[in-house]
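Since the structure comes first, as structure tokens, the remarks are kept for the end.
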Number of protein chains: 2
Amino acid sequence: MKYVIGVDFGTLSGRAAIVDVSTGEEIASSVHPYANGVIDEHLPGSSIRLEPDWALQDPDDYLEVFKQAIPAALKYSGVSSENVIGIGIDFTACTMLPTKADGTPLSFLSEWRQRPHAWVKLWKHHAAQPEANRLNAIARETGFGDILERYGGKISSEWFFPKAWQILNEDPGLYAAADRLIEAADWVVWQLTDVETRNSCTAGYKAMWSKVDGFPPKAFFKALDPRLENIVEEKMKREILPLGVKAGSLTPQAAAWTGLKAGTAVAVANVDAHVSVPAATVTESGRMVMIMGTSICHMVIGESEQIVPGMCGVVMDGIVPNKPGFEAGQSCVGDHFQWFTENCVPYEYHQAAEQAGISVHQYLEVKAAAQKPGESGLLALDWWNGNRSVLVDVDLTGMMLGMTLLSKPEDIYRALIEATAYGTRLIIETFEKNKVPIHELIATGGLPDRNKLLMQIYADVTGLPIFIPLASQIGALGSAMHGAVAAGAASGGYDSILDASIHMAKLRDESYHPIPENKKVYDLLYREYLRVHDYFGRGENDVMKRLKELKAEVMSHA
Amino acid sequence: MKYVIGVDFGTLSGRAAIVDVSTGEEIASSVHPYANGVIDEHLPGSSIRLEPDWALQDPDDYLEVFKQAIPAALKYSGVSSENVIGIGIDFTACTMLPTKADGTPLSFLSEWRQRPHAWVKLWKHHAAQPEANRLNAIARETGFGDILERYGGKISSEWFFPKAWQILNEDPGLYAAADRLIEAADWVVWQLTDVETRNSCTAGYKAMWSKVDGFPPKAFFKALDPRLENIVEEKMKREILPLGVKAGSLTPQAAAWTGLKAGTAVAVANVDAHVSVPAATVTESGRMVMIMGTSICHMVIGESEQIVPGMCGVVMDGIVPNKPGFEAGQSCVGDHFQWFTENCVPYEYHQAAEQAGISVHQYLEVKAAAQKPGESGLLALDWWNGNRSVLVDVDLTGMMLGMTLLSKPEDIYRALIEATAYGTRLIIETFEKNKVPIHELIATGGLPDRNKLLMQIYADVTGLPIFIPLASQIGALGSAMHGAVAAGAASGGYDSILDASIHMAKLRDESYHPIPENKKVYDLLYREYLRVHDYFGRGENDVMKRLKELKAEVMSHA
């Protein structure tokens, strides 16, 4: 029996899983929480305060995952390191850091440790918004606007170059001292293998790289800022490896950290959402994977590279080799329901839920499930956290209408679920209109297990069947599958992610199918959704933005 | 010392107050709850069930108010009946009943007592909606549409002729047996005096009467239904008395009920909202009285009869003699906040309020009061119960936008208050545009005492100062003032309601004035309100109505 290890680096912890190569079954796993978690108030061991919107991490926390979680998982599993043939990792992205040429993070060096820009910038570090705004404006003004089209017309402040540019703007000395700017995903692979690689997924989705055109040309970077002209040569690598390739082998030092054998194959790095796609059985076009948690990532493989308005990105080799991977997203899904239960659910409901021995979410679900589509009379726009796809506008806010004195919390709860489902339907229709067909949905992440009503509503609203992967920790499975591909068939692994997916990725028997009479009502409601969506979202009435501006102005005088 | 008695007939009880004629001070009062309250399930002492939307009352409950509350108030006050010079009453409206020619309600007669239509139809009896719809349509089709203009373009199902027509349609035998159809307001005065009178206020606001044109012509009633052609001659009186006139004197029987002297002057009947206007010191144009409770009645006196779009009515002699009284309204104000606290306030807020020893409303008010205008980023349409003025559309529903994951219950609570204030501002501006100037607000009812934040927001949004009457039971005071006018100066009362108001009606020292920097922000927010108001309310997007229709259809298949 052969095994592979998948390590899934999340926002607050890393999880290592030991997976059976032949079946994909998870034998054991261990989670290691990051000691410094998300650093957003002051630097560790220091009184240096961070500005609002900052979110940093400590790269040492990632190494601790290798040192703690892998040995623990190995121990629980009873698997011998002799039988572990490969490792894969996936990471949040864009989560990036400055290092020296040997990979040492600047935050490990005493001369830089007190400088905020020396630390890892976590994906949700939002302080590079001015740089993102300037990048988007300059790209459009200087004739590089078509690069943006691959990203729904806008580069996010969360991505690589805005973050890099923020370092340059705010700490040019540190920027100069950084030999490398690198995704944490690639950095941890470097630490395991002593080989610096860059993966096609983060390069493509987060750093404006494309397989055909490479990174944007020097003229583009020069137009942003003359000091950025040579950023790729100076701080990065032009060579980008496709997913599933072997990055290198475990060094003796990394073998000592992990309890694995030196020489074990290590796969090129990957991103949490993207690695989940083949783990959800999808290696071909037509089947969209939805990773449903606080937000939704919509991942779909295409046959040809298409510009689809409002997506987060299209990248050749971005999900599986030699096919374009499309990503779209909704900013606020689980977060919505969490906000609602924290802020809008009355005392009596909490009491009743407690008496019934269920959570408030479950209690609301039971009540909302007793309703028919259209019964609440409510309609919402799911923009509590802005709109990612298809409007790409963080300044939009939530809307609900139809309330009467008889409206109940469960009505509002159901309307919020429905609103997120309409948002997903619009994403699907936008893909379909742009030659990326979708005929089936695969749902993973935390929500599908927690809310069956939500799943049925998504089936009814989209008119598509929804299937659920067998594995609940799908990121770790996807990483393990890439570890198996890095090891190769000759070592007991697989020669392609397609082969790995066939053997290791499975669906549950359980699935959701549209109920025709519900679909009919939702078709009508979706039309209403579209109309208010366009009214508030496409410039007919920019009241949401004006209210945000007014709020900012009022608060600035406070 | 002379005294007058005001009797205020509410929805659930009647209140009698003994008032000092010279100062307006309330010496004592007593409340008598109606034994049969609101009859909306089955007829008293019977298993006859009522349809939904029905709301009846028992006229005997009104007589009990005379028999119980007046003697009790007299006793508490220590006032001798010798010194009571007059009585006035005010009532909910349109609250109407069928009687015999001698005033005996059909519900008192055993042959009719088991018939639902024999009982009093309370103001909120909504089962005559089909008749109201037909009345409005036929009026427009047959060239009588301009009568509707005095009522904002629409006669309500709550008013006199829809209710009368419902009796005819559903129980023609009972309709034939009714010698009179009469407002309960006029009926109780009849019981006190043995004189049948009809007051200009209910005739004007509820029964389509005008001082110049009288009731609508026979041709109009014939167009509705040939059987209604002679309804005025057959069931009503053409002679309408202005407010403040003496209806008659207390009969020996009524003197025995009340403990008052036979021969005491009794004023013509009045309506709760309208009688409050002179009691709030207003007998002239320019000063709007807002009666603020579950809903708001906006009462204003004009100099000339104007058609103002969306008002509830304009009636010459409707508030004070020889001047047009205008009424407008918002359907949902206090009800809004009640709905919110019942449905949308989390457990923690209830706990914190309890610990602080205050109500949840007060707790929310404290939190919302800490905010600046514009800070919440929220904007709402206050249509949870439809919109009365200025859109006159019961099928509109609520809307809120601007929510983010950081929105808090107090933000929503404040936005609801602001929405009702924008609604009031729009009513004021609509009056002003139509030559009914308003430069000051007088606020009475339950809300002004309960919510100082709300009062300040109304001042800031409207840009007008707001004053509060000294009397908290303003309906009873207004009725007592009309009793004093019925008695006349010669008997120690007053010769006009103006004189009565000068002596008996007072304002508190406390008042609210617009804060200029708040006003500036609210001017911007009000513009946003107007735009979404018109978008959803004036036909650009009738989504609210379509959702209501869809809901009705879905539920009809349930």
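Within each chain, counting starts at residue 1; across the structure tokens, chains are named A, B, ... in the order shown, with ligands numbered 1 upward in that order.
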
message: Residues near Glu284 of chain B, anyone? I mean within 7 Å using only C-alpha atoms, not counting same-chain ones fewer than 2 positions away, as JSON, numbers by chain.
response: {"B": [282, 286, 301]}

- request: Can you pull out every residue within 8 Å of Thr258 of chain A, counting only C-alpha atoms, but drop anything in the same chain fewer than 2 positions away, and send it as a PyMOL selection string?
  value: chain A and resi 66-68+70-71+254-256+260

task: Give me the residues within 10 Å of Gly446 of chain B as a list in words, counting only C-alpha atoms and dropping any in the same chain fewer than 6 places off.
output: Ile291, Met292, Gly293, Thr294, Gly334, Ser472 and Gln473 of chain B

- request: Considering only C-alpha atoms, extract the chain B residues located within 7 Å of chain A and return them as number ranges by chain.
  value: B: 339, 342-347, 374-377, 384-385, 397-405, 408-409, 528, 543-544, 547-548, 550-551, 554-555

Could you save those same residues with C-alpha atoms as a compact mmCIF listing (two decimals), in the first residue's frame?
```
# COMPACT_ATOMS: atom_id res chain seq x y z
CA TRP B 339 -41.86 44.75 13.98
CA GLU B 342 -39.88 41.60 17.60
CA ASN B 343 -38.18 40.09 14.58
CA CYS B 344 -34.69 41.45 14.15
CA VAL B 345 -33.09 42.23 17.49
CA PRO B 346 -30.58 39.68 18.73
CA TYR B 347 -30.52 37.98 22.10
CA GLY B 374 -25.12 59.11 7.08
CA GLU B 375 -22.93 56.94 9.28
CA SER B 376 -24.94 53.74 8.87
CA GLY B 377 -24.76 53.88 5.08
CA TRP B 384 -43.82 47.70 5.44
CA ASN B 385 -47.55 48.46 5.56
CA THR B 397 -43.68 46.86 0.48
CA GLY B 398 -40.53 47.70 2.42
CA MET B 399 -37.02 48.15 1.03
CA MET B 400 -33.63 48.64 2.60
CA LEU B 401 -30.24 48.96 0.99
CA GLY B 402 -26.65 49.66 1.98
CA MET B 403 -26.15 46.68 4.28
CA THR B 404 -22.64 45.34 4.82
CA LEU B 405 -21.26 42.66 7.10
CA LYS B 408 -25.63 46.50 13.22
CA PRO B 409 -29.23 46.32 14.51
CA GLU B 528 -31.47 59.38 -2.60
CA VAL B 543 -41.35 44.47 -8.60
CA MET B 544 -43.02 44.87 -5.20
CA LEU B 547 -43.80 39.73 -5.77
CA LYS B 548 -47.07 40.21 -3.90
CA LEU B 550 -46.64 35.81 -7.07
CA LYS B 551 -46.93 35.20 -3.34
CA VAL B 554 -48.12 30.45 -4.76
CA MET B 555 -50.22 30.44 -1.60
```

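Between atom CA of Val189 of chain B and atom CA of Gly492 of chain B there is a distance of 21.5 Å.
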
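Minimum distance to Leu477 of chain A across A:Ala280, A:Ile457, A:Val188, A:Ala265 (counting only C-alpha atoms) occurs at A:Ala280.
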
field: Which of segment 295-526 of chain A fall in strand (DSSP E), as a ChimeraX atom specification
entry: /A:296-301,313-316,324-330,379-381,398-403,438-444,466-469,507-512

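Proximity to Lys433 of chain B was assessed for B:Pro216, B:Gly302, B:Gly259, B:Pro309 counting only C-alpha atoms; the smallest distance is recorded for B:Pro309.
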
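The closest residue to Ser77 of chain B, picked from B:Tyr34, B:Phe326, B:Tyr3, B:Phe467 and counting only C-alpha atoms, is B:Tyr3.
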
query: Quick one: residues within 7 Å of segment 165-182 of chain A, only C-alpha atoms counted, chain neighbours fewer than 2 positions away excluded, as a ChimeraX atom specification?
result: /A:96-101,117,128,131,161-163,184,186-187,234-236

- prompt: Running DSSP on the backbone, which parts of segment 429-480 of chain A land in helix (DSSP H, G or I), as a ChimeraX atom specification?
  reply: /A:429-433,447-450,452-462,474-480

field: Within 9 Å of Pro465 of chain B using only C-alpha atoms, minus same-chain residues under 2 positions, as an MDAnalysis selection string
entry: chainID B and resid 439:442 458:460 462:463 467 511:514

- prompt: Excluding same-chain residues fewer than 4 positions from Arg150 of chain B, what lies within 6 Å of it counting only C-alpha atoms, as a PyMOL selection string?
  reply: chain B and resi 307+313-314

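With atom CA of Val300 of chain A on one side and atom CA of Pro278 of chain A on the other, the separation reads 10.6 Å.
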
message: For Ala137 of chain A, find every residue with an atom within 12 Å (counting only C-alpha atoms), except residues of its own chain fewer than 4 positions away, and show them as a list of chain:residue names.
response: A:Pro130, A:Glu131, A:Ala132, A:Asn133, A:Glu141, A:Thr142, A:Gly143, A:Phe144, A:Gly145, A:Leu148, A:Gly153, A:Lys154, A:Ile155, A:Phe220, A:Ala223, A:Leu224
